[in-house]
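Only one structure is covered here, and it is reproduced in the block below.
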Amino acid sequence: MKQARPNPVSRPVSRLPASQLSVVQKAIEEHRSRLGPLLPILHAVQDALGYIPADAVPTIAYELNRTRAEVHGVISFYHDFRTAPAGQHIVRICRAEACQARGARELEAHAKQTLGVNFGETTADGTITLEAVYCLGNCGCGPSVLVDTDELHAKVTAERFDVLVNKVREITS
Amino acid sequence: MTDPLKIHISGDASACALGADATAHAVMVEAEQRGVEIEVVRSGSRGMFWLEPLLEVVTATGRVGYGPIGAADVAGLFDADFGNGGAHALRVGRVEEIPFFKNQDRLSFARVGITDPLSVADYLAHDGFRGLDRALSISPAAIVVAVTESGLRGRGGAAFPTGRKWKTVQDTVAEQKYIVCNADEGDSGTFSDRLLMEGDPLCLIEGITIAGIAVGATQGYIYLRSEYPHAQRALNAAIANAYAEGYLGADVCGSGQHFDLEVRLGAGAYICGEETSMLDSLEGKRGQVRAKPPLPAIRGLFGQPTVINNVISFASVPIIMAKGATFYHDYGVGRSRGTLPIQLAGNLQHTGLVEKSFGVTLRELLYDYGGGSLSGRPLRAVQVGGPLGAYLPEAQFDTPLDYEAFAAIGAMLGHGGIIAFDDTVDMLEQARYAMEFCAIESCGKCTPCRIGSVRGIEVIDRIHHGIESDKNFALLNDLCQTMRGGSLCALGGLTPDPVRSALQYFPEDFAMPTSPVTA
Ligand SMILES: Cc1cc2nc3c(=O)[nH]c(=O)nc-3n(C[C@H](O)[C@H](O)[C@H](O)COP(=O)(O)O)c2cc1C
Ligand code: SF4
Ligand code: FES
């Protein structure tokens, strides 16, 4: 498909702080030669910065020859991508059916109550963002909780949740 | 000098979530302190989660298991002379004799839990790459014939004949063709893709490579959900090893055939498991569903002919090629040939993976394999086939796992996940959740799916509060019909199934004397 170049011919002046801009540029350079580079770039930016700053969009759009609206549309479509920083740690509770069958509804209520937040919110001390997730592939051993990107917990009762949260806070403080 | 003690402890994500890393660490520390020479292999999981962390020790009479072994149990194991299979309260005997395991038909999962997942040498020692060898020795057309004759149908949910899909791609002339492996595994209650990718990634790589050679594709992508970082590491490491040993790259096994393979991460969207949405996502777009036709087999990734199959579909191919179509076809019933890796999830004592010929009944799976409910309360409902699957009551438990038998009762096997609920389940809540999930995950293209699901939540809430019940039941029925008829894909189209089955089989939870559902 031939398209008119949607972006200004000259490189936009980025409003990102220099440290963030270099992360964004590095992500673009690393992935631009791949087919369909946008998702790998967005993942790389979020992995490095914890979120995708709105001011990164013009640079990414320009370099990939896409419109800003398109890039923004992609970021907003996927649940993984966030446009603002989260708390120091993200605690995700699986809400899906297999975990429901093993007590996830009760765990969800307990977590919201003890942390004093709803899904998508960060605790007052800034340590924990609570999020919902829909299946972690741990459906035989639920309720399942994922801390940050890689720390999977099984059979999480209310008591175990409290222990886990305390540990997360200890690491932080 | 005696050989070191050889111990297997799973490195699978579920096993690790249950403490397998800590167990493995404790074993090393304890062995060091006692001056015992050991070798610890982090294999995949046998799929018996109630025994994880399962520690297996290689003895003269086979692999003897102890489980579940927490770090605190480790010193006691050494005291019990576990290296020689010594007696211990947590000793489960020869792992392969455990009925849950012994009674399975492990074809695709033959190596999972047994080998070192990343070792090409170990893979070869356990019949690995024989399918690829065979594929390279026959014509591409003959490969497709074998896959067709095996009767393999797609394990991702739609159960479309795999050979027929490959034939379409093979017959379509194009400069560039692609293979896409659907590793999005979004259905709740399913984890077989993950278990295989972590436990035997080389098997998946072999199956995908065979597909590439069969249809003339030189590039493959594994679209992996971002919730699976463990699997991502296993796949990337196994792919690197396969390249290093010449099983991928410019000259696959010296055949002159070129095939490259790469893992791409999703970004937390259930709908990207739908094949056309996955293609858009791979192209760097919003993952919205495309209208079909054109079929992806004709115009798929970047407009090129593309084979898209589920992980288990690809992982079934090596054994079909190695042992022949008839060998595979001899398993199963009716038009459901071969085996299905069934996932037992939810409220069961023995959750895990059961690879079994089609034809086994739900009841056998729930009670003989699953051991009944975890809570000790009666099982009341099961949901088969993920969030779009119907809820089934006890009266349906004798249904055999067979695509057609399930279709006949208005249900589907999907990706083979079975979620059991005990009698504390509130089916109105489950129906509400089905609508909620649809609203959260809708790609937004069709109004009945995007808006109808939100309306569905509201209507169910009103029923819950006893507000104008008759009117709202009628409304819910209408909504379900509109969603079913007016949706482009199965997310909007099948969300009515869990809702209506809940209403039909469990009317008491909606405070109704009898079922109001009209067929
Ligand atoms: C909403 C929706 C979600 C789906 N999710 C998955 C999935 O997670 N994994 C999968 O293999 N197939 C999934 N599918 C099915 C795919 O569209 C497609 O049929 C499949 O990848 C084809 O491979 P197979 O023939 O080997 O099953 C989904 C379909 C729909 C409508
Ligand atoms: S039914 Fe829903 S998910 Fe499927 S295409 Fe339509 S809006 Fe998208
Ligand atoms: S349903 Fe919670 S991990 Fe799968």
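In the structure tokens, chains take letters A, B, ... by order of appearance, with residues numbered from 1 within each chain and ligands from 1 in the order shown.
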Within 12 Å of ligand 1, which residues of chain A show up? Give each one with its shortest atom-to-atom distance in Å (one decimal) and the two atoms involved, counting only C-alpha atoms and all ligand atoms, rows by chain then rising residue number, as a tab-separated table.
```
residue	atom	partner	partner_atom_place_in_ligand_line	distance
A:Tyr134	CA	ligand 1	8 (O)	11.9
A:Cys135	CA	ligand 1	8 (O)	11.1
A:Gly137	CA	ligand 1	8 (O)	11.2
```
Residue list (strand (DSSP E or B), DSSP) for stretch 350-475 of chain B, as a VMD selection string: chain B and resid 352 to 357 361 379 to 384 391 to 393 400 417 to 422
Polymer residues at most 8 Å from B:Leu340, only C-alpha atoms, same-chain spacing of 6 or more positions, as a PyMOL selection string: chain B and resi 155+355-358+416
Please produce a file of the residues just selected, as a tab-separated table (two decimals), in the first residue's frame, where the atoms kept are all heavy atoms.
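Output below, filename part36.tsv:
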```
chain	number	residue	atom	x	y	z
B	155	ARG	N	-5.73	-27.61	17.33
B	155	ARG	CA	-5.97	-27.71	18.77
B	155	ARG	C	-6.20	-26.36	19.43
B	155	ARG	O	-6.34	-26.28	20.65
B	155	ARG	CB	-4.78	-28.41	19.43
B	155	ARG	CG	-4.50	-29.83	18.89
B	155	ARG	CD	-5.59	-30.81	19.29
B	155	ARG	NE	-5.22	-32.19	18.95
B	155	ARG	CZ	-5.87	-32.96	18.07
B	155	ARG	NH1	-6.94	-32.50	17.45
B	155	ARG	NH2	-5.47	-34.19	17.84
B	355	GLU	N	-2.73	-36.03	28.73
B	355	GLU	CA	-2.83	-36.23	27.27
B	355	GLU	C	-3.45	-37.59	27.05
B	355	GLU	O	-2.94	-38.62	27.50
B	355	GLU	CB	-1.47	-36.15	26.58
B	355	GLU	CG	-1.62	-36.35	25.06
B	355	GLU	CD	-0.35	-36.13	24.25
B	355	GLU	OE1	0.68	-35.77	24.83
B	355	GLU	OE2	-0.41	-36.34	23.02
B	356	LYS	N	-4.58	-37.58	26.35
B	356	LYS	CA	-5.39	-38.79	26.26
B	356	LYS	C	-6.05	-38.85	24.89
B	356	LYS	O	-6.37	-37.83	24.30
B	356	LYS	CB	-6.45	-38.71	27.38
B	356	LYS	CG	-7.21	-39.97	27.68
B	356	LYS	CD	-6.35	-41.02	28.34
B	356	LYS	CE	-7.09	-42.36	28.37
B	356	LYS	NZ	-6.16	-43.49	28.49
B	357	SER	N	-6.29	-40.07	24.41
B	357	SER	CA	-7.05	-40.23	23.17
B	357	SER	C	-8.41	-39.59	23.32
B	357	SER	O	-9.00	-39.66	24.40
B	357	SER	CB	-7.31	-41.71	22.89
B	357	SER	OG	-6.12	-42.40	22.74
B	358	PHE	N	-8.93	-39.03	22.26
B	358	PHE	CA	-10.31	-38.57	22.28
B	358	PHE	C	-11.22	-39.73	22.66
B	358	PHE	O	-10.92	-40.90	22.36
B	358	PHE	CB	-10.71	-38.04	20.90
B	358	PHE	CG	-10.08	-36.72	20.56
B	358	PHE	CD1	-8.91	-36.68	19.80
B	358	PHE	CD2	-10.64	-35.54	20.99
B	358	PHE	CE1	-8.32	-35.46	19.49
B	358	PHE	CE2	-10.06	-34.32	20.69
B	358	PHE	CZ	-8.90	-34.27	19.93
B	416	GLY	N	-9.16	-27.54	25.12
B	416	GLY	CA	-9.06	-28.69	26.02
B	416	GLY	C	-8.91	-28.36	27.49
B	416	GLY	O	-8.44	-29.20	28.26
```
Contact table chain B vs ligand 3, cut-off 10 Å, shortest pair per residue, only C-alpha atoms and all ligand atoms, as a Markdown table:
```
| residue | atom | partner | partner_atom_place_in_ligand_line | distance |
| --- | --- | --- | --- | --- |
| B:Ser14 | CA | ligand 3 | 3 (S) | 9.4 |
| B:Glu185 | CA | ligand 3 | 4 (Fe) | 9.8 |
| B:Gly186 | CA | ligand 3 | 4 (Fe) | 8.5 |
| B:Asp187 | CA | ligand 3 | 4 (Fe) | 7.5 |
| B:Ser188 | CA | ligand 3 | 1 (S) | 4.4 |
| B:Gly189 | CA | ligand 3 | 4 (Fe) | 5.1 |
| B:Thr190 | CA | ligand 3 | 4 (Fe) | 6.6 |
| B:Phe191 | CA | ligand 3 | 4 (Fe) | 7.5 |
| B:Glu227 | CA | ligand 3 | 3 (S) | 9.8 |
| B:Ala345 | CA | ligand 3 | 4 (Fe) | 8.1 |
| B:Gly346 | CA | ligand 3 | 1 (S) | 7.9 |
| B:Gly386 | CA | ligand 3 | 1 (S) | 9.4 |
| B:Pro387 | CA | ligand 3 | 1 (S) | 9.8 |
| B:Gly417 | CA | ligand 3 | 4 (Fe) | 9.9 |
| B:Ile419 | CA | ligand 3 | 1 (S) | 8.9 |
```
Residue set, stretch 278-491 of chain B restricted to helix (DSSP H, G or I), as an MDAnalysis selection string: chainID B and resid 278:282 301:303 311:323 325:329 362:369 394:396 403:408 427:441 447:464 469:486 490:491
Please find the residues contacting ligand 2 at a distance of at most 12 Å between atoms, with only C-alpha atoms and all ligand atoms counted, and report them as an mmCIF file with N, CA, C and O atoms, in the first residue's frame.
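Printed below is result.cif as written:
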```cif
data_model
loop_
_atom_site.group_PDB
_atom_site.id
_atom_site.type_symbol
_atom_site.label_atom_id
_atom_site.label_comp_id
_atom_site.auth_asym_id
_atom_site.auth_seq_id
_atom_site.Cartn_x
_atom_site.Cartn_y
_atom_site.Cartn_z
ATOM 1 N N PHE A 77 -4.568 0.356 22.703
ATOM 2 C CA PHE A 77 -5.310 -0.884 22.467
ATOM 3 C C PHE A 77 -4.890 -2.003 23.419
ATOM 4 O O PHE A 77 -5.712 -2.795 23.866
ATOM 5 N N ALA B 269 -3.647 -8.832 25.278
ATOM 6 C CA ALA B 269 -4.967 -8.680 24.663
ATOM 7 C C ALA B 269 -5.471 -10.077 24.290
ATOM 8 O O ALA B 269 -4.880 -10.730 23.436
ATOM 9 N N TYR B 270 -6.546 -10.492 24.930
ATOM 10 C CA TYR B 270 -7.093 -11.830 24.658
ATOM 11 C C TYR B 270 -7.441 -12.002 23.191
ATOM 12 O O TYR B 270 -7.203 -13.059 22.606
ATOM 13 N N ILE B 271 -7.951 -10.947 22.590
ATOM 14 C CA ILE B 271 -8.435 -11.067 21.213
ATOM 15 C C ILE B 271 -7.295 -11.385 20.247
ATOM 16 O O ILE B 271 -7.516 -11.929 19.170
ATOM 17 N N CYS B 272 -6.062 -11.076 20.620
ATOM 18 C CA CYS B 272 -4.948 -11.366 19.718
ATOM 19 C C CYS B 272 -4.690 -12.856 19.570
ATOM 20 O O CYS B 272 -3.864 -13.269 18.755
ATOM 21 N N GLY B 273 -5.405 -13.696 20.314
ATOM 22 C CA GLY B 273 -5.377 -15.133 20.055
ATOM 23 C C GLY B 273 -6.184 -15.505 18.825
ATOM 24 O O GLY B 273 -5.976 -16.561 18.233
ATOM 25 N N GLU B 274 -7.111 -14.644 18.443
ATOM 26 C CA GLU B 274 -7.859 -14.866 17.199
ATOM 27 C C GLU B 274 -6.890 -14.620 16.054
ATOM 28 O O GLU B 274 -6.153 -13.629 16.056
ATOM 29 N N GLU B 275 -6.907 -15.501 15.077
ATOM 30 C CA GLU B 275 -5.789 -15.529 14.136
ATOM 31 C C GLU B 275 -5.601 -14.246 13.316
ATOM 32 O O GLU B 275 -4.468 -13.814 13.102
ATOM 33 N N THR B 276 -6.684 -13.623 12.869
ATOM 34 C CA THR B 276 -6.493 -12.440 12.021
ATOM 35 C C THR B 276 -6.072 -11.232 12.858
ATOM 36 O O THR B 276 -5.300 -10.386 12.405
ATOM 37 N N SER B 277 -6.593 -11.194 14.082
ATOM 38 C CA SER B 277 -6.184 -10.137 14.996
ATOM 39 C C SER B 277 -4.691 -10.285 15.323
ATOM 40 O O SER B 277 -3.948 -9.298 15.413
ATOM 41 N N MET B 278 -4.263 -11.537 15.466
ATOM 42 C CA MET B 278 -2.848 -11.818 15.711
ATOM 43 C C MET B 278 -1.977 -11.306 14.565
ATOM 44 O O MET B 278 -0.894 -10.759 14.787
ATOM 45 N N ARG B 286 -3.178 -2.205 15.946
ATOM 46 C CA ARG B 286 -4.138 -2.628 16.951
ATOM 47 C C ARG B 286 -4.591 -4.026 16.561
ATOM 48 O O ARG B 286 -4.765 -4.317 15.383
ATOM 49 N N GLY B 287 -4.784 -4.875 17.545
ATOM 50 C CA GLY B 287 -5.141 -6.254 17.226
ATOM 51 C C GLY B 287 -6.618 -6.404 16.946
ATOM 52 O O GLY B 287 -7.356 -6.973 17.738
ATOM 53 N N GLN B 288 -7.051 -5.876 15.806
ATOM 54 C CA GLN B 288 -8.476 -5.997 15.479
ATOM 55 C C GLN B 288 -8.709 -7.114 14.493
ATOM 56 O O GLN B 288 -7.883 -7.396 13.630
ATOM 57 N N VAL B 289 -9.868 -7.747 14.644
ATOM 58 C CA VAL B 289 -10.207 -8.900 13.822
ATOM 59 C C VAL B 289 -10.461 -8.458 12.386
ATOM 60 O O VAL B 289 -11.074 -7.419 12.149
ATOM 61 N N ARG B 290 -9.936 -9.238 11.435
ATOM 62 C CA ARG B 290 -10.190 -8.959 10.020
ATOM 63 C C ARG B 290 -11.369 -9.804 9.551
ATOM 64 O O ARG B 290 -11.560 -10.915 10.040
ATOM 65 N N ALA B 291 -12.087 -9.288 8.597
ATOM 66 C CA ALA B 291 -13.157 -10.089 7.993
ATOM 67 C C ALA B 291 -12.513 -11.183 7.140
ATOM 68 O O ALA B 291 -11.461 -10.982 6.547
ATOM 69 N N LYS B 292 -13.141 -12.360 7.143
ATOM 70 C CA LYS B 292 -12.675 -13.452 6.275
ATOM 71 C C LYS B 292 -13.794 -13.783 5.293
ATOM 72 O O LYS B 292 -14.941 -13.856 5.709
ATOM 73 N N LEU B 388 -15.322 -18.860 26.555
ATOM 74 C CA LEU B 388 -16.450 -18.850 25.625
ATOM 75 C C LEU B 388 -17.160 -20.204 25.628
ATOM 76 O O LEU B 388 -18.055 -20.454 24.829
ATOM 77 N N MET B 435 -19.900 -11.929 30.519
ATOM 78 C CA MET B 435 -20.197 -10.661 29.833
ATOM 79 C C MET B 435 -19.098 -9.628 30.119
ATOM 80 O O MET B 435 -18.673 -8.880 29.233
ATOM 81 N N PHE B 437 -15.962 -10.168 30.866
ATOM 82 C CA PHE B 437 -14.734 -10.517 30.141
ATOM 83 C C PHE B 437 -14.839 -10.076 28.679
ATOM 84 O O PHE B 437 -13.898 -9.518 28.112
ATOM 85 N N CYS B 438 -16.004 -10.309 28.102
ATOM 86 C CA CYS B 438 -16.223 -9.910 26.706
ATOM 87 C C CYS B 438 -16.086 -8.397 26.568
ATOM 88 O O CYS B 438 -15.461 -7.900 25.628
ATOM 89 N N ALA B 439 -16.636 -7.667 27.518
ATOM 90 C CA ALA B 439 -16.562 -6.204 27.452
ATOM 91 C C ALA B 439 -15.116 -5.729 27.572
ATOM 92 O O ALA B 439 -14.688 -4.810 26.871
ATOM 93 N N ILE B 440 -14.351 -6.377 28.441
ATOM 94 C CA ILE B 440 -12.956 -5.969 28.654
ATOM 95 C C ILE B 440 -12.100 -6.291 27.435
ATOM 96 O O ILE B 440 -11.226 -5.528 27.047
ATOM 97 N N GLU B 441 -12.357 -7.430 26.817
ATOM 98 C CA GLU B 441 -11.451 -7.911 25.772
ATOM 99 C C GLU B 441 -11.936 -7.665 24.342
ATOM 100 O O GLU B 441 -11.228 -7.980 23.386
ATOM 101 N N SER B 442 -13.133 -7.132 24.182
ATOM 102 C CA SER B 442 -13.650 -6.867 22.837
ATOM 103 C C SER B 442 -12.680 -5.996 22.044
ATOM 104 O O SER B 442 -12.135 -5.032 22.573
ATOM 105 N N CYS B 443 -12.492 -6.329 20.778
ATOM 106 C CA CYS B 443 -11.597 -5.510 19.954
ATOM 107 C C CYS B 443 -12.294 -4.251 19.485
ATOM 108 O O CYS B 443 -11.663 -3.354 18.940
ATOM 109 N N GLY B 444 -13.602 -4.189 19.676
ATOM 110 C CA GLY B 444 -14.326 -2.953 19.427
ATOM 111 C C GLY B 444 -14.951 -2.818 18.056
ATOM 112 O O GLY B 444 -15.603 -1.825 17.758
ATOM 113 N N LYS B 445 -14.745 -3.832 17.219
ATOM 114 C CA LYS B 445 -15.193 -3.686 15.841
ATOM 115 C C LYS B 445 -16.711 -3.814 15.677
ATOM 116 O O LYS B 445 -17.302 -3.128 14.850
ATOM 117 N N CYS B 446 -17.326 -4.725 16.433
ATOM 118 C CA CYS B 446 -18.769 -4.940 16.267
ATOM 119 C C CYS B 446 -19.539 -4.412 17.475
ATOM 120 O O CYS B 446 -19.175 -4.687 18.619
ATOM 121 N N THR B 447 -20.632 -3.720 17.189
ATOM 122 C CA THR B 447 -21.439 -3.145 18.266
ATOM 123 C C THR B 447 -22.027 -4.200 19.208
ATOM 124 O O THR B 447 -22.004 -4.023 20.420
ATOM 125 N N PRO B 448 -22.580 -5.311 18.686
ATOM 126 C CA PRO B 448 -23.172 -6.299 19.605
ATOM 127 C C PRO B 448 -22.169 -6.803 20.636
ATOM 128 O O PRO B 448 -22.523 -7.065 21.781
ATOM 129 N N CYS B 449 -20.920 -6.932 20.240
ATOM 130 C CA CYS B 449 -19.898 -7.428 21.149
ATOM 131 C C CYS B 449 -19.470 -6.328 22.110
ATOM 132 O O CYS B 449 -19.459 -6.506 23.325
ATOM 133 N N ARG B 450 -19.165 -5.169 21.577
ATOM 134 C CA ARG B 450 -18.618 -4.077 22.375
ATOM 135 C C ARG B 450 -19.658 -3.502 23.339
ATOM 136 O O ARG B 450 -19.393 -3.336 24.524
ATOM 137 N N ILE B 451 -20.846 -3.229 22.807
ATOM 138 C CA ILE B 451 -21.883 -2.593 23.617
ATOM 139 C C ILE B 451 -22.791 -3.639 24.271
ATOM 140 O O ILE B 451 -23.197 -3.512 25.421
ATOM 141 N N GLY B 452 -23.075 -4.692 23.496
ATOM 142 C CA GLY B 452 -23.990 -5.719 24.002
ATOM 143 C C GLY B 452 -23.493 -6.339 25.295
ATOM 144 O O GLY B 452 -24.274 -6.631 26.207
ATOM 145 N N SER B 453 -22.181 -6.539 25.384
ATOM 146 C CA SER B 453 -21.636 -7.160 26.588
ATOM 147 C C SER B 453 -21.808 -6.243 27.804
ATOM 148 O O SER B 453 -22.110 -6.707 28.899
ATOM 149 N N VAL B 454 -21.644 -4.946 27.581
ATOM 150 C CA VAL B 454 -21.823 -4.003 28.689
ATOM 151 C C VAL B 454 -23.293 -3.992 29.128
ATOM 152 O O VAL B 454 -23.613 -4.013 30.324
ATOM 153 N N THR B 482 -28.585 -11.381 19.612
ATOM 154 C CA THR B 482 -27.956 -10.330 18.803
ATOM 155 C C THR B 482 -26.440 -10.506 18.770
ATOM 156 O O THR B 482 -25.809 -10.368 17.727
ATOM 157 N N MET B 483 -25.872 -10.841 19.913
ATOM 158 C CA MET B 483 -24.421 -11.031 19.962
ATOM 159 C C MET B 483 -24.019 -12.218 19.102
ATOM 160 O O MET B 483 -23.047 -12.156 18.348
ATOM 161 N N ARG B 484 -24.786 -13.286 19.221
ATOM 162 C CA ARG B 484 -24.451 -14.473 18.453
ATOM 163 C C ARG B 484 -24.523 -14.201 16.956
ATOM 164 O O ARG B 484 -23.639 -14.600 16.204
ATOM 165 N N GLY B 485 -25.570 -13.507 16.540
ATOM 166 C CA GLY B 485 -25.783 -13.309 15.106
ATOM 167 C C GLY B 485 -24.988 -12.153 14.526
ATOM 168 O O GLY B 485 -24.685 -12.150 13.338
ATOM 169 N N GLY B 486 -24.636 -11.177 15.350
ATOM 170 C CA GLY B 486 -24.081 -9.945 14.796
ATOM 171 C C GLY B 486 -22.629 -9.712 15.108
ATOM 172 O O GLY B 486 -22.157 -8.585 15.042
ATOM 173 N N SER B 487 -21.899 -10.767 15.453
ATOM 174 C CA SER B 487 -20.489 -10.598 15.798
ATOM 175 C C SER B 487 -19.603 -11.206 14.730
ATOM 176 O O SER B 487 -19.905 -12.262 14.184
ATOM 177 N N LEU B 488 -18.495 -10.534 14.482
ATOM 178 C CA LEU B 488 -17.568 -10.993 13.446
ATOM 179 C C LEU B 488 -16.785 -12.222 13.901
ATOM 180 O O LEU B 488 -16.420 -13.065 13.097
ATOM 181 N N CYS B 489 -16.507 -12.324 15.187
ATOM 182 C CA CYS B 489 -15.703 -13.460 15.639
ATOM 183 C C CYS B 489 -16.336 -14.104 16.855
ATOM 184 O O CYS B 489 -17.360 -13.663 17.370
ATOM 185 N N ALA B 490 -15.686 -15.153 17.340
ATOM 186 C CA ALA B 490 -16.270 -15.963 18.401
ATOM 187 C C ALA B 490 -16.271 -15.276 19.763
ATOM 188 O O ALA B 490 -16.970 -15.727 20.665
ATOM 189 N N LEU B 491 -15.531 -14.188 19.935
ATOM 190 C CA LEU B 491 -15.590 -13.547 21.256
ATOM 191 C C LEU B 491 -17.006 -13.025 21.497
ATOM 192 O O LEU B 491 -17.660 -13.387 22.479
ATOM 193 N N GLY B 492 -17.488 -12.205 20.577
ATOM 194 C CA GLY B 492 -18.860 -11.738 20.716
ATOM 195 C C GLY B 492 -19.864 -12.845 20.428
ATOM 196 O O GLY B 492 -20.928 -12.923 21.033
ATOM 197 N N GLY B 493 -19.512 -13.714 19.496
ATOM 198 C CA GLY B 493 -20.456 -14.729 19.028
ATOM 199 C C GLY B 493 -20.709 -15.852 20.021
ATOM 200 O O GLY B 493 -21.796 -16.439 20.035
ATOM 201 N N LEU B 494 -19.721 -16.175 20.831
ATOM 202 C CA LEU B 494 -19.873 -17.309 21.750
ATOM 203 C C LEU B 494 -19.984 -16.923 23.216
ATOM 204 O O LEU B 494 -20.288 -17.772 24.058
ATOM 205 N N THR B 495 -19.762 -15.650 23.543
ATOM 206 C CA THR B 495 -19.970 -15.247 24.937
ATOM 207 C C THR B 495 -21.381 -15.628 25.423
ATOM 208 O O THR B 495 -21.555 -15.980 26.596
ATOM 209 N N PRO B 496 -22.381 -15.600 24.552
ATOM 210 C CA PRO B 496 -23.703 -16.081 24.995
ATOM 211 C C PRO B 496 -23.713 -17.538 25.487
ATOM 212 O O PRO B 496 -24.588 -17.896 26.279
#
```
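Distances from A:Ala54, A:Val71, A:Leu130, A:Ala124 to A:Leu39 were compared using only C-alpha atoms, and the smallest one belongs to A:Val71.
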Quick one: which chain A residues come within 6 Å of chain B, and what is the nearest atom pair for each with the distance in Å to one decimal, counting only C-alpha atoms, rows ordered by chain and ascending number, as a tab-separated table?
```
residue	atom	partner	partner_atom	distance
A:Gly36	CA	B:Glu283	CA	4.3
A:Leu38	CA	B:Gly284	CA	4.9
A:Leu39	CA	B:Gly284	CA	5.6
A:Val74	CA	B:Arg286	CA	4.9
A:Phe77	CA	B:Arg286	CA	5.9
A:Tyr78	CA	B:Ala267	CA	5.6
A:His79	CA	B:Gly268	CA	5.1
A:Asp80	CA	B:Ala267	CA	5.0
A:Ala96	CA	B:Ser188	CA	5.9
A:Ala98	CA	B:Gly346	CA	4.4
A:Ala101	CA	B:Gly346	CA	5.1
A:Arg102	CA	B:Asn347	CA	5.6
A:Cys135	CA	B:Ser188	CA	5.3
A:Leu136	CA	B:Glu227	CA	5.9
A:Gly137	CA	B:Phe191	CA	4.8
A:Asn138	CA	B:Ser14	CA	5.7
A:Cys139	CA	B:Gly189	CA	5.2
A:Gly140	CA	B:Ala345	CA	4.4
A:Leu152	CA	B:Ala17	CA	5.3
A:His153	CA	B:Ala17	CA	4.7
A:Ala154	CA	B:Ala17	CA	5.2
```
Nearest candidate to A:Cys94 (options A:Leu115, A:Ala109, A:Ala132, A:Leu21; using only C-alpha atoms): A:Ala132
For A:Ser144, the nearest of the candidates A:Thr127, A:Ser33, A:Gln100, A:Gln113, counting only C-alpha atoms: A:Gln100
Coordinates-based distance that separates atom CA of B:Cys203 from atom CA of B:Glu96 (Å, one decimal):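 Atom CA of B:Glu96 sits 20.9 Å away from atom CA of B:Cys203.
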Distance query B:Ala158 at most 10 Å, only C-alpha atoms, self and fewer than 3 positions along chain excluded, as a PyMOL selection string: chain B and resi 153-155+161+403+412-415+490
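Put simply, atom CA of B:Glu149 is 24.8 Å away from atom CA of B:Ala183.
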Near-A:Ile171 list (12 Å; only C-alpha atoms; drop same-chain fewer than 6 positions) as a ChimeraX atom specification: /A:88-89,127-128,164-165
Deliver the residues from the most recent selection as a file, using all heavy atoms, as a compact mmCIF listing (two decimals), in the first residue's frame.
```txt
# COMPACT_ATOMS: atom_id res chain seq x y z
N GLN A 88 6.06 1.29 42.73
CA GLN A 88 7.36 0.64 42.61
C GLN A 88 7.24 -0.82 42.20
O GLN A 88 8.14 -1.36 41.57
CB GLN A 88 8.11 0.77 43.93
CG GLN A 88 8.73 2.14 44.08
CD GLN A 88 8.94 2.49 45.54
OE1 GLN A 88 7.99 2.64 46.30
NE2 GLN A 88 10.19 2.59 45.93
N HIS A 89 6.14 -1.45 42.59
CA HIS A 89 5.91 -2.83 42.17
C HIS A 89 4.47 -2.99 41.70
O HIS A 89 3.58 -2.31 42.18
CB HIS A 89 6.18 -3.79 43.32
CG HIS A 89 7.60 -3.78 43.77
ND1 HIS A 89 8.59 -4.48 43.12
CD2 HIS A 89 8.21 -3.09 44.76
CE1 HIS A 89 9.75 -4.25 43.70
NE2 HIS A 89 9.55 -3.41 44.71
N THR A 127 4.09 2.12 46.87
CA THR A 127 4.87 0.90 46.66
C THR A 127 4.21 -0.08 45.70
O THR A 127 4.90 -0.78 44.97
CB THR A 127 5.13 0.16 47.99
OG1 THR A 127 3.89 -0.01 48.67
CG2 THR A 127 6.11 0.92 48.86
N ILE A 128 2.86 -0.14 45.74
CA ILE A 128 2.21 -1.21 44.99
C ILE A 128 1.08 -0.70 44.11
O ILE A 128 0.19 0.01 44.57
CB ILE A 128 1.65 -2.28 45.96
CG1 ILE A 128 2.81 -3.01 46.65
CG2 ILE A 128 0.76 -3.28 45.23
CD1 ILE A 128 2.39 -3.96 47.73
N LEU A 164 3.18 -11.94 51.19
CA LEU A 164 3.79 -11.56 49.91
C LEU A 164 3.88 -10.03 49.79
O LEU A 164 4.90 -9.48 49.38
CB LEU A 164 2.85 -12.15 48.87
CG LEU A 164 3.08 -12.30 47.41
CD1 LEU A 164 2.23 -13.47 46.95
CD2 LEU A 164 2.63 -11.05 46.70
N VAL A 165 2.82 -9.36 50.16
CA VAL A 165 2.81 -7.90 50.08
C VAL A 165 3.83 -7.30 51.04
O VAL A 165 4.55 -6.36 50.68
CB VAL A 165 1.38 -7.37 50.38
CG1 VAL A 165 1.42 -5.90 50.75
CG2 VAL A 165 0.48 -7.60 49.17
```
Residue contacts of A:Pro143 (7 Å, only C-alpha atoms) excluding same-chain residues fewer than 2 positions away, as a ChimeraX atom specification: /A:94,99,102-104,141,145,154-156
Non-local contacts of B:Thr399 (10 Å; only C-alpha atoms; under 5 positions in same chain excluded) as a PyMOL selection string: chain B and resi 359-364+405-406+408-409
Two-atom distance - atom CA of B:Ser10, atom CA of B:Val40 (Å):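 Taking atom CA of B:Ser10 as the start and atom CA of B:Val40 as the end point, the length is 9.8 Å.
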